[in-house]
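Novice: The file below is start_16.cif, mmCIF, C-alpha atoms:
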data_upload
#
loop_
_atom_site.label_atom_id
_atom_site.label_comp_id
_atom_site.auth_asym_id
_atom_site.auth_seq_id
_atom_site.Cartn_x
_atom_site.Cartn_y
_atom_site.Cartn_z
CA MET A 1 -78.48 -24.20 88.26
CA GLY A 2 -76.28 -21.64 89.95
CA LYS A 3 -75.00 -22.86 93.31
CA ARG A 4 -75.70 -19.47 94.85
CA SER A 5 -79.34 -19.54 93.74
CA VAL A 6 -79.76 -23.07 95.09
CA ARG A 7 -78.20 -22.28 98.47
CA LYS A 8 -80.27 -19.12 98.79
CA MET A 9 -83.51 -20.93 97.99
CA LEU A 10 -82.88 -23.93 100.24
CA GLY A 11 -81.74 -21.70 103.08
CA ARG A 12 -85.03 -19.80 102.99
CA MET A 13 -87.04 -23.03 102.93
CA VAL A 14 -85.84 -24.05 106.39
CA GLY A 15 -88.52 -21.94 108.06
CA GLU A 16 -91.35 -23.69 106.17
CA GLU A 17 -92.59 -20.33 104.87
CA PRO A 18 -93.37 -19.22 101.30
CA VAL A 19 -90.22 -18.57 99.31
CA GLN A 20 -89.70 -16.36 96.27
CA VAL A 21 -87.21 -17.27 93.55
CA THR A 22 -86.22 -14.73 90.91
CA SER A 23 -84.78 -14.93 87.42
CA ALA A 24 -83.61 -11.50 86.28
CA MET A 25 -82.98 -12.85 82.77
CA ALA A 26 -86.58 -14.04 82.37
CA SER A 27 -85.53 -17.69 82.18
CA MET A 28 -88.36 -20.16 82.69
CA SER A 29 -85.87 -23.03 82.44
CA LYS A 30 -83.92 -21.78 85.46
CA LEU A 31 -87.07 -21.35 87.51
CA ALA A 32 -88.32 -24.79 86.50
CA ARG A 33 -85.07 -26.45 87.59
CA LEU A 34 -85.11 -24.62 90.92
CA GLY A 35 -88.77 -25.45 91.43
CA ALA A 36 -88.28 -29.14 90.67
CA LEU A 37 -85.43 -29.20 93.20
CA ALA A 38 -87.64 -27.45 95.77
CA GLN A 39 -90.18 -30.25 95.33
CA GLN A 40 -87.56 -32.66 96.65
CA PHE A 41 -87.65 -30.75 99.93
CA GLY A 42 -91.42 -30.47 100.36
CA TYR A 43 -92.25 -27.33 98.41
CA ASP A 44 -94.41 -26.78 95.35
CA TYR A 45 -95.24 -24.08 92.84
CA ALA A 46 -97.76 -21.37 93.78
CA TYR A 47 -97.58 -18.72 91.06
CA VAL A 48 -95.26 -16.62 88.95
CA LYS A 49 -95.26 -12.97 87.94
CA GLN A 50 -93.11 -10.58 85.99
CA GLY A 51 -91.13 -7.80 87.66
CA ALA A 52 -87.63 -9.02 88.53
CA GLY A 53 -84.37 -7.56 87.31
CA PRO A 54 -83.26 -3.97 86.71
CA ARG A 55 -85.65 -3.54 83.79
CA GLY A 56 -88.55 -5.37 85.41
CA ASP A 57 -88.76 -8.01 82.69
CA GLY A 58 -87.55 -10.94 84.78
CA TYR A 59 -89.71 -13.47 86.62
CA VAL A 60 -90.55 -13.90 90.31
CA MET A 61 -91.80 -17.36 91.29
CA THR A 62 -93.39 -18.14 94.64
CA LEU A 63 -93.01 -21.58 96.20
CA VAL A 64 -95.02 -22.78 99.20
CA PRO A 65 -94.85 -25.81 101.51
CA ASP A 66 -96.67 -28.78 100.02
CA PRO A 67 -99.02 -30.30 102.66
CA ARG A 68 -99.52 -33.62 100.86
CA PRO A 69 -98.26 -36.61 102.89
CA GLU A 70 -96.06 -37.85 100.05
CA ALA A 71 -94.44 -34.42 99.80
CA ARG A 72 -93.72 -34.32 103.54
CA GLU A 73 -92.24 -37.82 103.42
CA ARG A 74 -90.06 -36.88 100.46
CA ALA A 75 -88.85 -33.76 102.26
CA THR A 76 -87.98 -35.66 105.43
CA ARG A 77 -86.13 -38.32 103.45
CA ASN A 78 -84.10 -35.86 101.40
CA ARG A 79 -83.23 -33.63 104.35
CA ALA A 80 -81.79 -36.69 106.06
CA ARG A 81 -79.90 -37.84 102.97
CA TYR A 82 -78.64 -34.39 101.95
CA PRO A 83 -78.16 -32.45 105.22
CA ASP A 84 -75.66 -30.03 103.67
CA ALA A 85 -77.69 -29.16 100.58
CA ALA A 86 -78.34 -25.58 101.71
CA ASP A 87 -74.61 -25.11 102.40
CA GLY A 88 -73.42 -26.13 98.95
CA GLY A 89 -73.33 -29.89 99.56
CA ALA A 90 -74.73 -32.72 97.45
CA LEU A 91 -78.23 -32.34 96.02
CA PRO A 92 -80.89 -34.98 95.31
CA PRO A 93 -81.30 -35.89 91.63
CA VAL A 94 -84.12 -34.18 89.78
CA ALA A 95 -85.96 -36.06 87.05
CA PRO A 96 -86.13 -34.28 83.65
CA GLU A 97 -89.87 -34.98 83.56
CA ALA A 98 -90.35 -33.04 86.80
CA VAL A 99 -88.53 -30.06 85.31
CA ARG A 100 -90.58 -30.31 82.11
CA LEU A 101 -93.88 -30.28 84.02
CA PHE A 102 -92.76 -27.46 86.27
CA LYS A 103 -91.86 -25.40 83.21
CA ALA A 104 -95.26 -26.17 81.66
CA ARG A 105 -97.04 -24.82 84.74
CA ILE A 106 -94.98 -21.63 84.69
CA ALA A 107 -95.43 -21.19 80.94
CA TYR A 108 -99.19 -21.72 81.12
CA ASP A 109 -99.64 -19.18 83.91
CA LEU A 110 -97.50 -16.57 82.17
CA ALA A 111 -99.44 -17.03 78.93
CA SER A 112 -102.71 -16.65 80.87
CA ARG A 113 -101.91 -13.37 82.59
CA LEU A 114 -104.15 -11.41 80.21
CA THR A 115 -107.40 -12.29 78.52
CA GLU A 116 -107.32 -12.24 74.73
CA LYS A 117 -109.50 -9.12 74.70
CA ARG A 118 -107.17 -7.36 77.12
CA MET A 119 -104.13 -8.49 75.14
CA LEU A 120 -105.55 -7.06 71.92
CA TRP A 121 -106.45 -3.78 73.57
CA LEU A 122 -103.03 -3.25 75.16
CA ALA A 123 -101.18 -4.19 71.99
CA GLY A 124 -103.41 -1.90 69.93
CA VAL A 125 -102.73 1.03 72.25
CA ALA A 126 -98.98 0.32 72.22
CA PHE A 127 -98.84 0.11 68.41
CA THR A 128 -100.86 3.31 68.06
CA LEU A 129 -98.55 5.19 70.42
CA LEU A 130 -95.50 3.82 68.63
CA ALA A 131 -96.78 4.89 65.22
CA GLY A 132 -97.77 8.29 66.59
CA ALA A 133 -94.36 8.83 68.13
CA PHE A 134 -92.67 7.91 64.84
CA ALA A 135 -94.85 10.30 62.87
CA PHE A 136 -94.17 13.12 65.33
CA ARG A 137 -90.42 12.47 65.41
CA PHE A 138 -90.08 12.59 61.63
CA ARG A 139 -92.91 15.04 60.94
CA ALA A 140 -90.57 17.20 58.83
CA HIS A 141 -90.36 14.45 56.22
CA PRO A 142 -93.30 14.35 53.75
CA THR A 143 -93.57 10.57 53.79
CA ALA A 144 -93.38 10.16 57.58
CA LEU A 145 -97.16 10.10 58.03
CA VAL A 146 -97.58 7.52 55.25
CA VAL A 147 -94.86 5.28 56.70
CA ALA A 148 -96.38 5.56 60.18
CA ALA A 149 -99.85 4.71 58.86
CA VAL A 150 -98.62 1.71 56.88
CA GLY A 151 -96.56 0.48 59.82
CA TRP A 152 -99.54 0.83 62.15
CA ALA A 153 -101.78 -1.09 59.72
CA VAL A 154 -99.25 -3.93 59.43
CA MET A 155 -98.82 -4.21 63.20
CA MET A 156 -102.57 -4.24 63.77
CA ALA A 157 -102.98 -6.91 61.08
CA VAL A 158 -100.61 -9.30 62.84
CA LEU A 159 -102.35 -8.96 66.23
CA PRO A 160 -104.72 -11.90 65.60
CA VAL A 161 -101.69 -14.02 64.69
CA GLY A 162 -100.12 -13.27 68.04
CA VAL A 163 -103.33 -14.21 69.84
CA PHE A 164 -103.53 -17.47 67.89
CA VAL A 165 -99.91 -18.35 68.70
CA ASN A 166 -100.47 -17.63 72.39
CA ARG A 167 -103.62 -19.75 72.39
CA ARG A 168 -101.81 -22.72 70.82
CA TYR A 169 -98.95 -22.29 73.29
CA LYS A 170 -101.38 -22.47 76.21
CA GLU A 171 -103.15 -25.49 74.72
CA ARG A 172 -99.88 -27.36 74.29
CA ASN A 173 -98.85 -26.83 77.92
CA SER A 174 -102.37 -27.55 79.13
CA ALA A 175 -102.42 -30.88 77.28
CA MET A 176 -99.05 -31.82 78.75
CA LEU A 177 -100.26 -31.14 82.29
CA ARG A 178 -103.56 -32.97 81.85
CA ALA A 179 -101.72 -36.00 80.47
CA ALA A 180 -99.61 -36.04 83.64
CA GLY A 181 -102.74 -36.08 85.83
CA PHE A 182 -102.87 -32.41 86.76
CA ALA A 183 -106.31 -31.05 87.60
CA ALA A 184 -107.82 -27.81 86.31
CA VAL A 185 -108.95 -25.33 88.98
CA THR A 186 -109.92 -21.67 89.09
CA ASP A 187 -108.05 -19.40 91.46
CA ALA A 188 -109.40 -16.47 93.49
CA GLU A 189 -109.22 -14.25 90.40
CA GLY A 190 -111.18 -16.70 88.26
CA LYS A 191 -108.16 -17.75 86.20
CA LEU A 192 -107.69 -21.32 85.10
CA ARG A 193 -104.72 -23.00 86.79
CA TYR A 194 -103.35 -26.55 87.05
CA VAL A 195 -102.44 -28.42 90.22
CA PRO A 196 -100.80 -31.84 90.70
CA PRO A 197 -102.88 -34.88 91.69
CA GLY A 198 -104.17 -34.37 95.22
CA GLY A 199 -102.78 -30.85 95.39
CA GLN A 200 -104.35 -27.42 95.53
CA LEU A 201 -103.37 -23.79 95.05
CA PRO A 202 -102.86 -21.52 98.04
CA GLY A 203 -106.18 -19.99 99.02
CA ARG A 204 -109.63 -21.08 97.91
CA VAL A 205 -110.02 -22.60 94.47
CA ARG A 206 -112.79 -24.38 92.59
CA ALA A 207 -112.07 -27.65 90.82
CA LEU A 208 -113.15 -27.92 87.20
CA PRO A 209 -114.21 -31.11 85.42
CA ARG A 210 -111.44 -32.93 83.61
CA GLU A 211 -111.50 -32.46 79.83
CA ARG A 212 -112.19 -35.62 77.88
#
Taking this structure as input, can you express it in the form of structure tokens?

Specialist:
Amino acid sequence: MGKRSVRKMLGRMVGEEPVQVTSAMASMSKLARLGALAQQFGYDYAYVKQGAGPRGDGYVMTLVPDPRPEARERATRNRARYPDAADGGALPPVAPEAVRLFKARIAYDLASRLTEKRMLWLAGVAFTLLAGAFAFRFRAHPTALVVAAVGWAVMMAVLPVGVFVNRRYKERNSAMLRAAGFAAVTDAEGKLRYVPPGGQLPGRVRALPRER
């Protein structure tokens, strides 16, 4: 983790307000490490979205104070043990398992941004525009339309594969979280999310039955 990113995050957490952490390079690993460290000081993951960086393809993660008693105790203990953490001093150790679970939560939410139907529609529109632009750009060549049509057909054929891969990716992260005791809930938008034992998402959510 970059020392600057750590100092910036911990400095903002002093006010016990929601904190946003960005990764311009779209690195889930960086966000997961920062999030796991934030847990040592009484914060937990809220949600993640895309939009950071000059091209808008990076990630923005929001962290919020964790009201659970064990989280408050952990924060008090670590603030006493590591008083200079926000100023570049020593940091509490972070367990690899905590980072792994944090990354699974981020990965699951990012993979769940769009429904499969919406994903297919957007990809289909994008591929159609791409093929159309290619055909228009090289319209002077006799074979341009044929190449564009074949390319469009190939891209459309692989769409179900992409949906299948995304589904398996979500299932893998979901299984990892359930095995660690995370509970399935629906957020205000009706999306399935996972929260740690005894925790909840910001705002009103509805708990779902645990999968057997």

Novice: Just checking: using only C-alpha atoms, which residue out of A:Ala157, A:Leu10, A:Ala184, A:Arg168 ends up closest to Gly89 in chain A?

Specialist: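 Distance minimum relative to Gly89 in chain A lands on A:Leu10.
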
Novice: Interatomic distance between CA of Glu189 in chain A and CA of Val165 in chain A?

Specialist: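 Taking CA of Glu189 in chain A and CA of Val165 in chain A, their separation equals 24.0 Å.
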
Novice: Report as a ChimeraX atom specification the full result of the PyMOL selection byres ((chain A and resi 106) around 8) when it is applied to this structure.

Specialist: /A:28,32,47-48,102-105,107-110

Novice: Report, in Å with one decimal, the straight-line distance from CA of Leu63 in chain A to CA of Glu171 in chain A.

Specialist: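 A separation of 24.1 Å between them.
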
Novice: Using CA of Thr22 in chain A and CA of Arg100 in chain A as the two end points, give the distance in Å to one decimal.

Specialist: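 Rounded to one decimal, the two atoms are 18.4 Å apart.
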
Novice: Give me, as a list in words, all polymer residues having an atom no more than 12 Å from Val154 in chain A, counting all atoms listed in the file and skipping those fewer than 4 positions away in the same chain.

Specialist: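 Using all atoms listed in the file, the neighbours found are Gly124, Phe127, Thr128, Ala131, Val147, Ala148, Ala149, Val150, Val158, Leu159, Pro160 and Val161 of chain A.
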
Novice: Hey, what's within 9 Å of Arg167 in chain A if we count all atoms listed in the file and toss same-chain stuff fewer than 4 positions away? As a PyMOL selection string, please?

Specialist: chain A and resi 111+116+162-163+171-172

Novice: Taking 6 positions as the minimum chain separation for residues in the same chain, which residues sit within 12 Å of Lys30 in chain A when counting only C-alpha atoms? Answer as a PyMOL selection string.

Specialist: chain A and resi 1-3+5-6+21-24+36-37+58-61+99-100+102-103+106

Novice: Check the smallest atom-to-atom distance from each of A:Leu34, A:Met155, A:Val185, A:Ala85 to Leu201 in chain A using all atoms listed in the file, then report the winner.

Specialist: A:Val185

Novice: Hey, what comes out of the PyMOL selection byres ((chain A and resi 196-200) around 7) on this file? Could you write it as a list in words?

Specialist: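 Taken over the shown coordinates, the PyMOL selection byres ((chain A and resi 196-200) around 7) returns Arg68, Gly181, Phe182, Ala183, Tyr194, Val195, Leu201 and Pro202 of chain A.
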
Novice: For this file, the PyMOL selection byres ((chain A and resi 43) around 9) selects which residues, as a PyMOL selection string?

Specialist: chain A and resi 13+16+18+35-42+44-45+63-67+71-72+75

Novice: So which one's closest to Tyr169 in chain A, A:Gln20, A:Ser27, A:Gln50, A:Ser112? Using all atoms listed in the file, please.

Specialist: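 Looking only at the distances to Tyr169 in chain A, the closest residue turns out to be A:Ser112.
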
Novice: So which one's closest to Thr62 in chain A, A:Ala90, A:Glu97, A:Met9, A:Ala180? Using only C-alpha atoms, please.

Specialist: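 Under the stated criterion, the closest residue is A:Met9.
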
Novice: Check the smallest atom-to-atom distance from each of A:Val19, A:Val14, A:Leu192, A:Met156 to Val125 in chain A using all atoms listed in the file, then report the winner.

Specialist: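 Of A:Val19, A:Val14, A:Leu192, A:Met156, the one nearest Val125 in chain A is A:Met156, counting all atoms listed in the file.
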
Novice: With all atoms listed in the file as the basis for distance, which of A:Arg33, A:Gly151, A:Lys8, A:Val146 is at the shortest distance from Ala98 in chain A?

Specialist: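 Looking only at the distances to Ala98 in chain A, the closest residue turns out to be A:Arg33.
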